[in-house]
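A short write-up of the structure that comes next.
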Amino acid sequence: MRLIDSTKLLELQNKPTKIRNICIVAHVDHGKTTLADSLISSNGIISQRMSGKLRYMDSRPDEQERGITMKSSSIALYHALDKEEYLVNLIDSPGHIDFSSEVSTAVRLCDGAIVVVDVVEGVCPQTRLALKQAYSENIRAVLVLNKIDRLIVEMKMTALDAYVHITQVMEQVNAVMGELFASNVLENEETLIDKQPEMHGPKEENNIYDWTSALEDADDSQLYFSPEQGNVVFASAIDGWGFTIHTFAKLFSDKLGVKEELLRKVLWGDFYLNSKSKRFMKGAQEKAKKPLFVQVIFDNLWNIYETIILRNDKEKVPVICEKLGIKLTTRDLRHTDTRIQLQSLMMQWLPLSNTVLDMVCCKLPSPKEILPDKVEKLMCSRIRDFESYHEETRKLKDAFIACDSSNDRPVIVFISKMFSVDKSILPENKPKALTPEEMALRREKARQMREELKNNVNSETVPIKMEKESEPDLNKPEKCAVDEKEKEDENPTAFIAFARIFSGRVKKGDKLYVLGPKHDPSQVLSKKDFQIDPNKKLKDLHSDEHITCTEIKSLYILMGRELEDIEEAVAGNIIGIGGLEDHILKTATLSSTIACPAFSEIQYAAVPILRVAVEPTYPSQLPQLVKGLRLLNQSDSCVQVLLQETGEHVLVTAGEVHLQRCLEDLKNLYAKIPITASEPIVPFRETIVEPPKVDMANEEIDSQNIDKTTETEKDPLITIYTNNKQSKIKIRARPLPNEITLLLDKSTDLLKAISQHIKILQGMSKNDKLESKLEEMHINGKHGLSDRMLKLIEAFKSELESICSKLGSEWKDVVRQIWSVGPRNCGPNVLLNQTPDYVTKFLHHEEELKEDLRFEYESSFVNGFQLASLSGPLCEEPMMGVAFCVEEWTLDKGEEDTTYTYGPLSGQIMSAVKEGCRKAFEAQPQRLMAAMYSCDIVVDQKVLG
């Protein structure tokens with residue numbers, strides 16, 4: 001029976017200081033969903049006895065079968081603490097590595113996290129990853145040390161051993177936090193040093209070096225988990241109990257006659273109770289005394305477990321209950337299953353849900369306490385500088401920090417993912433509950449029918465028959481209507497957006513802008529007469545448009561497996577929004593202003609790598625498959641769906657379990673047809689190597705008497721002409737040294753941004769009204785890049801130069817020669833301009849160019865290279881580690897009429913360059929590179945052998 005109705009939740013939604021948005025993160029099988037069950041049972045949504053068995057948040061059948069969570073789902077819980085009422089939006093997230101993208105989408109919407117660690121297994125790879133994801137999103141965490149019952153029942157440890165073991169586990173967790181903190185501080189230290197001179201004027205004593213590190217000044221008081229701070233819960237979620245140091249300090253302060261504050265300080269750590277002087281002393285370890293924590297807490301716990309479970313001592317159970325002041329029902333006392341007896345005792349003595357929710361409400365921040373650093377991280381990516389945004393955009397930072405829902409505030413909503421639900425679950429499609437008046441009417445009708453039946457006892461069969469006959473007639477028209485409706489509404493799934501409101505208030509019927517992930521406010525705001533077509537959907541947009549308009553159709557409170565309809569929602573809440581499937585693919589930002597930037601990309605921990613080709617079992621059902629794939633792509637943040645040139649539909653997933661889930665969904669939910677999937681496709685990369693010095697028999701090639709004449713002809717320099725012979729290009733392919741390839745791979749974001757910037761500059765220089773254009777776009781005083789970006793480019797240049805200086809003469813001048821990188825403007829291949837007479841720019845983008853006929857064809861030239869590097873000649877896979885050196889490019893424009901026999905010249909140049917690059921590649925020794933799989937295997941010491 002639900003204890004709190006939705007009106008209460010709605011009332012609490014309007015008080016942002018009383019809201020807590022939290023997610024539970026941990027390694028797989030450390031007890032997240034069981035803990036969530038326990039918290040849900042405190043609201044009466046499920047019974048306490050079922051918590052841990054029901055796994056309420058795992059609503060999919062395959063989640064229940066496998067016993068792992070596969071998606072993050074949210075539920076709104078009510079909690080009262082010290083006469084204050086709180087609304088806790090709890091998100092349960094998966095622990096399996098294949099679904100770590102779901103953790104990223106959950107963490108983005110939250111202000112706090114509960115990290116669960118299994119005390120037997122300790123810190124596992126996914127625990128590290130979860131801590132890292134929470135830390136990178138500036139989220140405060142609290143710790144739950146779960147499964148302490150296993151130390152007693154399975155590991156058979158003594159209370160003291162368990163205490164030592166738990167301190168070690170906690171040290172491990174804190175070590176991970178410290179590592180994240182230190183690396184982050186040191187990373188930021190570099191950027192701070194750059195800013196330092198601007199902040200303080202000129203220093204007098206420049207010759208003194210400051211040896212202090214930023215680590216010493218950085219504040220890490222909130223960082224670590226320590227029981228005396230009250231941010232650690234000791235628990236066993238399956239048995240339903242949990243406590244903090246504060247719980248026992250409260251219980252024992254009266255018994256021992258000591259102040260609660262003092263007990264909090266001495267209950268954890270190296271303290272013991274001196275029995276003679278009745279005082280707490282330090283140094284339990286060196287005096288071989290039991291620490292206070294073991295004496296007061298663990299000994300009692302161990303005692304209860306040994307009595308009830310290990311010895312099954314029925315007589316002592318009532319005695320224990322009496323001492324603890326707990327009433328057990330006679331049914332519980334007689335129960336043959338000792339575990340159930342233990343659970344009902346412990347749930348009353350140390351209820352887990354209260355302990356955890358109290359800690360969440362005290363220790364984790366409300367949406368109002370959002371940090372300015374976090375806001376800047378949300379608003380701009382790592383490369384962008386917050387200062388480089390437009391004036392209007394920067395003002396929005398205050399709206400984020402205020403988290404205010406008054407009507408004059410801009411609406412900012414972030415949608416971290418779309419998830420699909422069956423339309424029958426939607427509140428508007430559910431049968432409504434009857435009011436008392438309607439029930440009374442129905443009772444009256446039933447009574448009258450019974451009266452009539454009594455009167456007609458003799459001919460009782462007739463009316464019943466008549467009733468039966470008349471029923472089908474009544475239902476026939478309705479049935480037809482239903483059938484027609486079903487035909488119209490073929491797609492039974494609806495998409496709900498999983499959203500968090502950061503500012504403002506959203507009502508049904510509101511008109512808002514949907515800003516795609518690539519939306520850049522400064523470009524839109526710089527256009528004077530910018531218009532948005534209100535009727536456009538996502539599929540109608542061009543490649544450079546990222547904004548559509550939508551009307552909010554429905555808003556929901558997310559309640560685990562159910563949704564509750566609401567009229568409006570305010571800042572600080574996590575909600576579901578219906579009816580956006582035509583406007584959003586995976587993530588988006590909803591706002592009442594176009595000045596709002598798209599939120600920075602969610603940093604996914606796992607990259608999808610497992611590729612399979614899918615096809616329908618019956619070829620005629622291909623359209624359903626295409627439609628199904630489109631829906632799957634929309635509903636899963638970590639899936640990629642590709643259509644290859646060969647016509648195959650390729651599904652890219654994060655791992656095997658993820659792949660099986662996607663195929664299940666395709667078959668049963670989205671496409672609803674039988675599907676066959678191929679074996680996993682291994683992605684390759686194509687590359688070239690230095691010509692071999694040694695042949696297969698390990699003999700040096702030079703020393704063999706080969707007829708040299710045939711060799712000299714095949715020079716790897718390729719000369720190619722466009723079809724109309726107006727342009728001649730000479731290209732040579734060279735293997736890129738490994739160090740450069742790695743550097744390019746590392747700085748993809750930066751290279752992408754430079755390429756985009758150069759495209760803008762080229763677009764501008766082709767316009768006549770260059771001056772007026774520049775006046776419109778005065779960002780940072782010049783139409784340039786932000787200072788941060790320039791620093792990043794400088795760092796990249798100097799790193800590349802230092803690598804090249806070690807490599808030999810032919811790579812000496814690479815930094816000046818880079819013309820483009822590819823494929824997709826950010827890959828591990830480069831196009832080098834080694835022509836004697838034509839100047840290009842990439843890293844030196846601020847230089848002016850001399851006018852040249854070839855300039856207007858430059859983008860075609862670069863595109864030819866991009867196409868060639870995207871699919872190599874060996875098996876149409878992307879190239880890796882290849883440098884294409886352009887040694888000559890001449891252009892001789894003759895009469896205009898000849899150009900059109902072969903199509904425009906720009907197209908001819910593009911295809912000529914592509915052809916030239918591929919031929920130059922084939923002229924060198926070619927190799928295929930296969931993907932490397934690295935994995936850490938963690939095992940117990942017992943099985944190392």
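Quick note on naming: the chains in the structure tokens go A, B, ... in the order shown, residues restart at 1 in each chain, and ligands are numbered from 1 in order of appearance.
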
Assign secondary structure with DSSP using the backbone only, and return the residues of segment 93-168 of chain A in strand (DSSP E or B) as an mmCIF file with all heavy atoms, in the first residue's frame.
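What follows is the written file states_9.cif:
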```cif
data_model
loop_
_atom_site.group_PDB
_atom_site.id
_atom_site.type_symbol
_atom_site.label_atom_id
_atom_site.label_comp_id
_atom_site.auth_asym_id
_atom_site.auth_seq_id
_atom_site.Cartn_x
_atom_site.Cartn_y
_atom_site.Cartn_z
ATOM 1 N N GLY A 112 24.045 14.045 -6.361
ATOM 2 C CA GLY A 112 24.757 13.210 -5.402
ATOM 3 C C GLY A 112 24.729 11.763 -5.839
ATOM 4 O O GLY A 112 23.918 11.374 -6.673
ATOM 5 N N ALA A 113 25.627 10.952 -5.257
ATOM 6 C CA ALA A 113 25.676 9.537 -5.624
ATOM 7 C C ALA A 113 25.884 8.695 -4.372
ATOM 8 O O ALA A 113 26.581 9.101 -3.449
ATOM 9 C CB ALA A 113 26.806 9.292 -6.609
ATOM 10 N N ILE A 114 25.251 7.508 -4.382
ATOM 11 C CA ILE A 114 25.533 6.526 -3.329
ATOM 12 C C ILE A 114 26.434 5.479 -3.967
ATOM 13 O O ILE A 114 26.033 4.829 -4.937
ATOM 14 C CB ILE A 114 24.241 5.850 -2.839
ATOM 15 C CG1 ILE A 114 23.261 6.874 -2.280
ATOM 16 C CG2 ILE A 114 24.548 4.795 -1.796
ATOM 17 C CD1 ILE A 114 21.935 6.277 -1.868
ATOM 18 N N VAL A 115 27.649 5.333 -3.455
ATOM 19 C CA VAL A 115 28.557 4.321 -4.000
ATOM 20 C C VAL A 115 28.450 3.088 -3.115
ATOM 21 O O VAL A 115 28.633 3.165 -1.902
ATOM 22 C CB VAL A 115 30.016 4.841 -3.990
ATOM 23 C CG1 VAL A 115 30.953 3.798 -4.549
ATOM 24 C CG2 VAL A 115 30.109 6.126 -4.786
ATOM 25 N N VAL A 116 28.105 1.941 -3.731
ATOM 26 C CA VAL A 116 27.939 0.712 -2.961
ATOM 27 C C VAL A 116 29.164 -0.167 -3.208
ATOM 28 O O VAL A 116 29.559 -0.369 -4.358
ATOM 29 C CB VAL A 116 26.664 -0.038 -3.402
ATOM 30 C CG1 VAL A 116 26.448 -1.269 -2.539
ATOM 31 C CG2 VAL A 116 25.459 0.873 -3.306
ATOM 32 N N VAL A 117 29.763 -0.679 -2.133
ATOM 33 C CA VAL A 117 30.915 -1.574 -2.285
ATOM 34 C C VAL A 117 30.646 -2.849 -1.500
ATOM 35 O O VAL A 117 30.250 -2.792 -0.338
ATOM 36 C CB VAL A 117 32.210 -0.909 -1.763
ATOM 37 C CG1 VAL A 117 33.374 -1.882 -1.849
ATOM 38 C CG2 VAL A 117 32.527 0.334 -2.563
ATOM 39 N N ASP A 118 30.828 -3.985 -2.152
ATOM 40 C CA ASP A 118 30.703 -5.283 -1.488
ATOM 41 C C ASP A 118 31.964 -5.492 -0.660
ATOM 42 O O ASP A 118 33.068 -5.513 -1.201
ATOM 43 C CB ASP A 118 30.567 -6.357 -2.577
ATOM 44 C CG ASP A 118 30.510 -7.758 -2.004
ATOM 45 O OD1 ASP A 118 30.815 -7.912 -0.819
ATOM 46 O OD2 ASP A 118 30.174 -8.690 -2.751
ATOM 47 N N ARG A 140 28.918 14.937 -5.400
ATOM 48 C CA ARG A 140 29.371 14.472 -4.093
ATOM 49 C C ARG A 140 28.842 13.058 -3.852
ATOM 50 O O ARG A 140 27.704 12.747 -4.196
ATOM 51 C CB ARG A 140 28.858 15.410 -3.005
ATOM 52 C CG ARG A 140 29.635 15.184 -1.711
ATOM 53 C CD ARG A 140 29.250 16.140 -0.623
ATOM 54 N NE ARG A 140 29.454 17.530 -1.018
ATOM 55 C CZ ARG A 140 28.957 18.544 -0.321
ATOM 56 N NH1 ARG A 140 28.234 18.309 0.746
ATOM 57 N NH2 ARG A 140 29.171 19.782 -0.703
ATOM 58 N N ALA A 141 29.676 12.225 -3.237
ATOM 59 C CA ALA A 141 29.279 10.824 -3.059
ATOM 60 C C ALA A 141 29.254 10.453 -1.582
ATOM 61 O O ALA A 141 29.946 11.044 -0.763
ATOM 62 C CB ALA A 141 30.258 9.921 -3.797
ATOM 63 N N VAL A 142 28.410 9.447 -1.256
ATOM 64 C CA VAL A 142 28.460 8.820 0.069
ATOM 65 C C VAL A 142 28.650 7.325 -0.152
ATOM 66 O O VAL A 142 28.365 6.803 -1.231
ATOM 67 C CB VAL A 142 27.166 9.084 0.871
ATOM 68 C CG1 VAL A 142 27.083 10.514 1.300
ATOM 69 C CG2 VAL A 142 25.948 8.689 0.072
ATOM 70 N N LEU A 143 29.143 6.630 0.874
ATOM 71 C CA LEU A 143 29.561 5.241 0.690
ATOM 72 C C LEU A 143 28.662 4.302 1.489
ATOM 73 O O LEU A 143 28.328 4.576 2.641
ATOM 74 C CB LEU A 143 31.015 5.098 1.163
ATOM 75 C CG LEU A 143 31.682 3.738 1.034
ATOM 76 C CD1 LEU A 143 31.874 3.378 -0.420
ATOM 77 C CD2 LEU A 143 33.039 3.739 1.732
ATOM 78 N N VAL A 144 28.263 3.184 0.846
ATOM 79 C CA VAL A 144 27.559 2.122 1.575
ATOM 80 C C VAL A 144 28.414 0.861 1.487
ATOM 81 O O VAL A 144 28.661 0.363 0.387
ATOM 82 C CB VAL A 144 26.164 1.862 0.965
ATOM 83 C CG1 VAL A 144 25.529 0.645 1.613
ATOM 84 C CG2 VAL A 144 25.272 3.069 1.143
ATOM 85 N N LEU A 145 28.898 0.388 2.634
ATOM 86 C CA LEU A 145 29.664 -0.869 2.660
ATOM 87 C C LEU A 145 28.651 -1.982 2.858
ATOM 88 O O LEU A 145 28.101 -2.157 3.949
ATOM 89 C CB LEU A 145 30.685 -0.846 3.799
ATOM 90 C CG LEU A 145 31.797 0.188 3.604
ATOM 91 C CD1 LEU A 145 32.602 0.357 4.865
ATOM 92 C CD2 LEU A 145 32.704 -0.188 2.451
ATOM 93 N N ASN A 146 28.411 -2.734 1.792
ATOM 94 C CA ASN A 146 27.291 -3.691 1.771
ATOM 95 C C ASN A 146 27.788 -5.120 2.024
ATOM 96 O O ASN A 146 28.983 -5.400 1.938
ATOM 97 C CB ASN A 146 26.608 -3.577 0.405
ATOM 98 C CG ASN A 146 25.266 -4.266 0.395
ATOM 99 O OD1 ASN A 146 24.707 -4.585 1.437
ATOM 100 N ND2 ASN A 146 24.747 -4.516 -0.783
#
```

Item to check | Residue contacts of segment 831-847 of chain A (7 Å, only C-alpha atoms) excluding same-chain residues fewer than 3 positions away, as a PyMOL selection string | outcome: chain A and resi 817-821+883-889

Residues from last step as file, all heavy atoms, as a compact mmCIF listing (two decimals), in the first residue's frame:
```txt
# COMPACT_ATOMS: atom_id res chain seq x y z
N GLN A 817 53.70 22.05 -42.54
CA GLN A 817 53.14 21.47 -43.77
C GLN A 817 51.74 20.88 -43.61
O GLN A 817 51.07 20.64 -44.61
CB GLN A 817 54.07 20.35 -44.27
CG GLN A 817 55.41 20.88 -44.74
CD GLN A 817 56.38 19.73 -45.01
OE1 GLN A 817 56.08 18.59 -44.72
NE2 GLN A 817 57.54 20.06 -45.55
N ILE A 818 51.31 20.62 -42.38
CA ILE A 818 50.01 19.94 -42.23
C ILE A 818 48.92 20.75 -42.93
O ILE A 818 48.79 21.94 -42.72
CB ILE A 818 49.65 19.75 -40.74
CG1 ILE A 818 50.58 18.72 -40.11
CG2 ILE A 818 48.21 19.29 -40.59
CD1 ILE A 818 50.23 18.37 -38.68
N TRP A 819 48.18 20.06 -43.76
CA TRP A 819 47.11 20.71 -44.52
C TRP A 819 45.77 20.26 -43.97
O TRP A 819 44.83 21.02 -43.87
CB TRP A 819 47.29 20.29 -45.98
CG TRP A 819 46.46 21.04 -46.97
CD1 TRP A 819 45.43 21.89 -46.70
CD2 TRP A 819 46.60 21.00 -48.39
NE1 TRP A 819 44.92 22.38 -47.87
CE2 TRP A 819 45.62 21.85 -48.92
CE3 TRP A 819 47.44 20.33 -49.26
CZ2 TRP A 819 45.46 22.02 -50.29
CZ3 TRP A 819 47.29 20.52 -50.61
CH2 TRP A 819 46.31 21.36 -51.13
N SER A 820 45.71 18.98 -43.63
CA SER A 820 44.46 18.46 -43.06
C SER A 820 44.75 17.13 -42.39
O SER A 820 45.76 16.51 -42.66
CB SER A 820 43.43 18.26 -44.17
OG SER A 820 42.27 17.68 -43.63
N VAL A 821 43.86 16.72 -41.50
CA VAL A 821 43.96 15.38 -40.91
C VAL A 821 42.66 14.65 -41.24
O VAL A 821 41.64 15.29 -41.46
CB VAL A 821 44.14 15.43 -39.38
CG1 VAL A 821 45.52 15.87 -39.01
CG2 VAL A 821 43.11 16.33 -38.74
N ALA A 883 50.86 9.21 -44.14
CA ALA A 883 51.02 10.63 -44.48
C ALA A 883 51.02 10.74 -46.00
O ALA A 883 51.79 10.05 -46.67
CB ALA A 883 52.32 11.14 -43.90
N PHE A 884 50.18 11.56 -46.56
CA PHE A 884 50.18 11.80 -48.02
C PHE A 884 50.87 13.14 -48.28
O PHE A 884 50.39 14.18 -47.82
CB PHE A 884 48.74 11.83 -48.55
CG PHE A 884 48.07 10.50 -48.50
CD1 PHE A 884 47.12 10.22 -47.54
CD2 PHE A 884 48.42 9.50 -49.41
CE1 PHE A 884 46.51 8.97 -47.47
CE2 PHE A 884 47.81 8.25 -49.36
CZ PHE A 884 46.86 7.99 -48.39
N CYS A 885 51.99 13.10 -48.97
CA CYS A 885 52.74 14.33 -49.24
C CYS A 885 52.41 14.80 -50.65
O CYS A 885 52.65 14.07 -51.61
CB CYS A 885 54.24 14.08 -49.13
SG CYS A 885 54.65 13.16 -47.66
N VAL A 886 51.88 15.99 -50.75
CA VAL A 886 51.58 16.56 -52.06
C VAL A 886 52.82 17.32 -52.52
O VAL A 886 53.21 18.30 -51.89
CB VAL A 886 50.38 17.53 -51.96
CG1 VAL A 886 50.03 18.08 -53.32
CG2 VAL A 886 49.20 16.82 -51.34
N GLU A 887 53.44 16.84 -53.61
CA GLU A 887 54.71 17.46 -54.00
C GLU A 887 54.53 18.46 -55.14
O GLU A 887 55.43 19.25 -55.42
CB GLU A 887 55.73 16.37 -54.37
CG GLU A 887 55.98 15.49 -53.14
CD GLU A 887 57.16 14.56 -53.30
OE1 GLU A 887 57.81 14.59 -54.36
OE2 GLU A 887 57.42 13.78 -52.37
N GLU A 888 53.40 18.39 -55.83
CA GLU A 888 53.17 19.40 -56.87
C GLU A 888 51.68 19.50 -57.13
O GLU A 888 50.97 18.50 -57.11
CB GLU A 888 53.90 18.96 -58.16
CG GLU A 888 53.93 20.07 -59.20
CD GLU A 888 54.58 19.60 -60.51
OE1 GLU A 888 55.47 18.74 -60.46
OE2 GLU A 888 54.16 20.09 -61.55
N TRP A 889 51.19 20.71 -57.33
CA TRP A 889 49.78 20.88 -57.73
C TRP A 889 49.74 22.09 -58.65
O TRP A 889 49.94 23.20 -58.21
CB TRP A 889 48.90 21.10 -56.48
CG TRP A 889 47.45 21.31 -56.83
CD1 TRP A 889 46.81 20.90 -57.96
CD2 TRP A 889 46.45 21.98 -56.04
NE1 TRP A 889 45.50 21.26 -57.92
CE2 TRP A 889 45.24 21.92 -56.76
CE3 TRP A 889 46.47 22.61 -54.80
CZ2 TRP A 889 44.06 22.47 -56.28
CZ3 TRP A 889 45.29 23.16 -54.32
CH2 TRP A 889 44.09 23.10 -55.06
```

Mind dumping a table of every segment 49-152 of chain A residue within 9 Å of segment 572-579 of chain A, with the nearest atom pair and its distance in Å to one decimal, using only C-alpha atoms, sorted by chain and rising number, as a Markdown table?
```
| residue | atom | partner | partner_atom | distance |
| --- | --- | --- | --- | --- |
| A:Ser74 | CA | A:Ile574 | CA | 8.2 |
| A:Ala76 | CA | A:Ile574 | CA | 8.7 |
| A:Asn89 | CA | A:Ile574 | CA | 6.8 |
| A:Leu109 | CA | A:Ile574 | CA | 7.4 |
| A:Cys110 | CA | A:Ile574 | CA | 8.5 |
```

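By only C-alpha atoms, and with residues fewer than 5 positions from Glu63 of chain A along its chain excluded, the set lying at most 12 Å from it is A:Thr33, A:Leu54, A:Arg55, A:Tyr56, A:Met57, A:Asp58, A:Ile68, A:Thr69, A:Met70, A:Lys71, A:Ser72, A:Pro94, A:His96, A:Val657, A:His658, A:Gln660, A:Arg661, A:Glu664.
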
Selection file, C-alpha atoms, as a PDB file, in the first residue's frame:
```pdb
ATOM      1  CA  THR A  33      19.023  -2.837  -6.828  1.00  0.00           C
ATOM      2  CA  LEU A  54      11.489  -8.352  -6.010  1.00  0.00           C
ATOM      3  CA  ARG A  55      14.150  -6.080  -7.585  1.00  0.00           C
ATOM      4  CA  TYR A  56      11.434  -3.532  -8.308  1.00  0.00           C
ATOM      5  CA  MET A  57      13.562  -1.237 -10.480  1.00  0.00           C
ATOM      6  CA  ASP A  58      14.466  -4.085 -12.878  1.00  0.00           C
ATOM      7  CA  ILE A  68      21.531  -7.627 -13.502  1.00  0.00           C
ATOM      8  CA  THR A  69      20.265  -4.111 -14.149  1.00  0.00           C
ATOM      9  CA  MET A  70      20.456  -2.968 -17.785  1.00  0.00           C
ATOM     10  CA  LYS A  71      19.010   0.534 -17.743  1.00  0.00           C
ATOM     11  CA  SER A  72      18.822   3.403 -15.291  1.00  0.00           C
ATOM     12  CA  PRO A  94      23.557  -0.692 -13.972  1.00  0.00           C
ATOM     13  CA  HIS A  96      27.777  -4.122 -15.890  1.00  0.00           C
ATOM     14  CA  VAL A 657      25.254  -8.716 -23.108  1.00  0.00           C
ATOM     15  CA  HIS A 658      24.414  -5.354 -24.636  1.00  0.00           C
ATOM     16  CA  GLN A 660      21.799  -9.646 -26.855  1.00  0.00           C
ATOM     17  CA  ARG A 661      19.610  -7.014 -25.244  1.00  0.00           C
ATOM     18  CA  GLU A 664      15.836  -8.974 -28.078  1.00  0.00           C
TER      19      GLU A 664
END
```

Checklist entry - Of the residues A:Glu171, A:Asp404, A:Glu428, A:Glu369, which is the one nearest to Asp111 of chain A, using only C-alpha atoms? => result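 For Asp111 of chain A, the nearest of the given residues is A:Glu369.
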
Checklist entry - When distances are computed from only C-alpha atoms, which of A:Ser678, A:Asn14, A:Ala433, A:Ala134 shows the smallest separation from Gly504 of chain A? => result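 Nearest to Gly504 of chain A: A:Asn14.
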
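Distance annotation: of A:Glu656, A:Lys672, A:Ala440, A:Tyr389, the residue with the minimal separation from Gln621 of chain A is A:Lys672; atom set is only C-alpha atoms.
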
Next on the checklist: List as a VMD selection string the protein and nucleic acid residues near segment 336-351 of chain A, meaning an atom at most 7 Å away when only C-alpha atoms are counted, but skip any in the same chain fewer than 5 places from it.
Outcome noted: chain A and resid 239 to 243 308 to 309 312 326 328

Keeping only C-alpha atoms, write the selected residues as an mmCIF file, in the first residue's frame.
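Once written, selection.cif looks like this:
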```cif
data_model
loop_
_atom_site.group_PDB
_atom_site.id
_atom_site.type_symbol
_atom_site.label_atom_id
_atom_site.label_comp_id
_atom_site.auth_asym_id
_atom_site.auth_seq_id
_atom_site.Cartn_x
_atom_site.Cartn_y
_atom_site.Cartn_z
ATOM 1 C CA ASP A 239 18.877 -8.566 5.431
ATOM 2 C CA GLY A 240 17.543 -5.011 5.430
ATOM 3 C CA TRP A 241 19.766 -3.421 8.079
ATOM 4 C CA GLY A 242 22.290 -0.621 8.039
ATOM 5 C CA PHE A 243 23.810 1.858 10.462
ATOM 6 C CA ILE A 308 19.853 -16.970 15.179
ATOM 7 C CA ILE A 309 21.576 -18.298 12.056
ATOM 8 C CA ASN A 312 19.566 -21.581 15.574
ATOM 9 C CA ILE A 326 11.633 -4.921 19.602
ATOM 10 C CA LEU A 328 8.358 -9.791 16.896
#
```

Item to check | Shortest interatomic distance to Leu629 of chain A - which of A:Gly560, A:Phe502, A:Phe796, A:Val650, counting only C-alpha atoms | outcome: A:Val650

Item to check | Thr687 of chain A surroundings by only C-alpha atoms, 9 Å radius, close-in-sequence under 6 positions cut, as a PyMOL selection string | outcome: chain A and resi 735+872+878-882+921+925-929
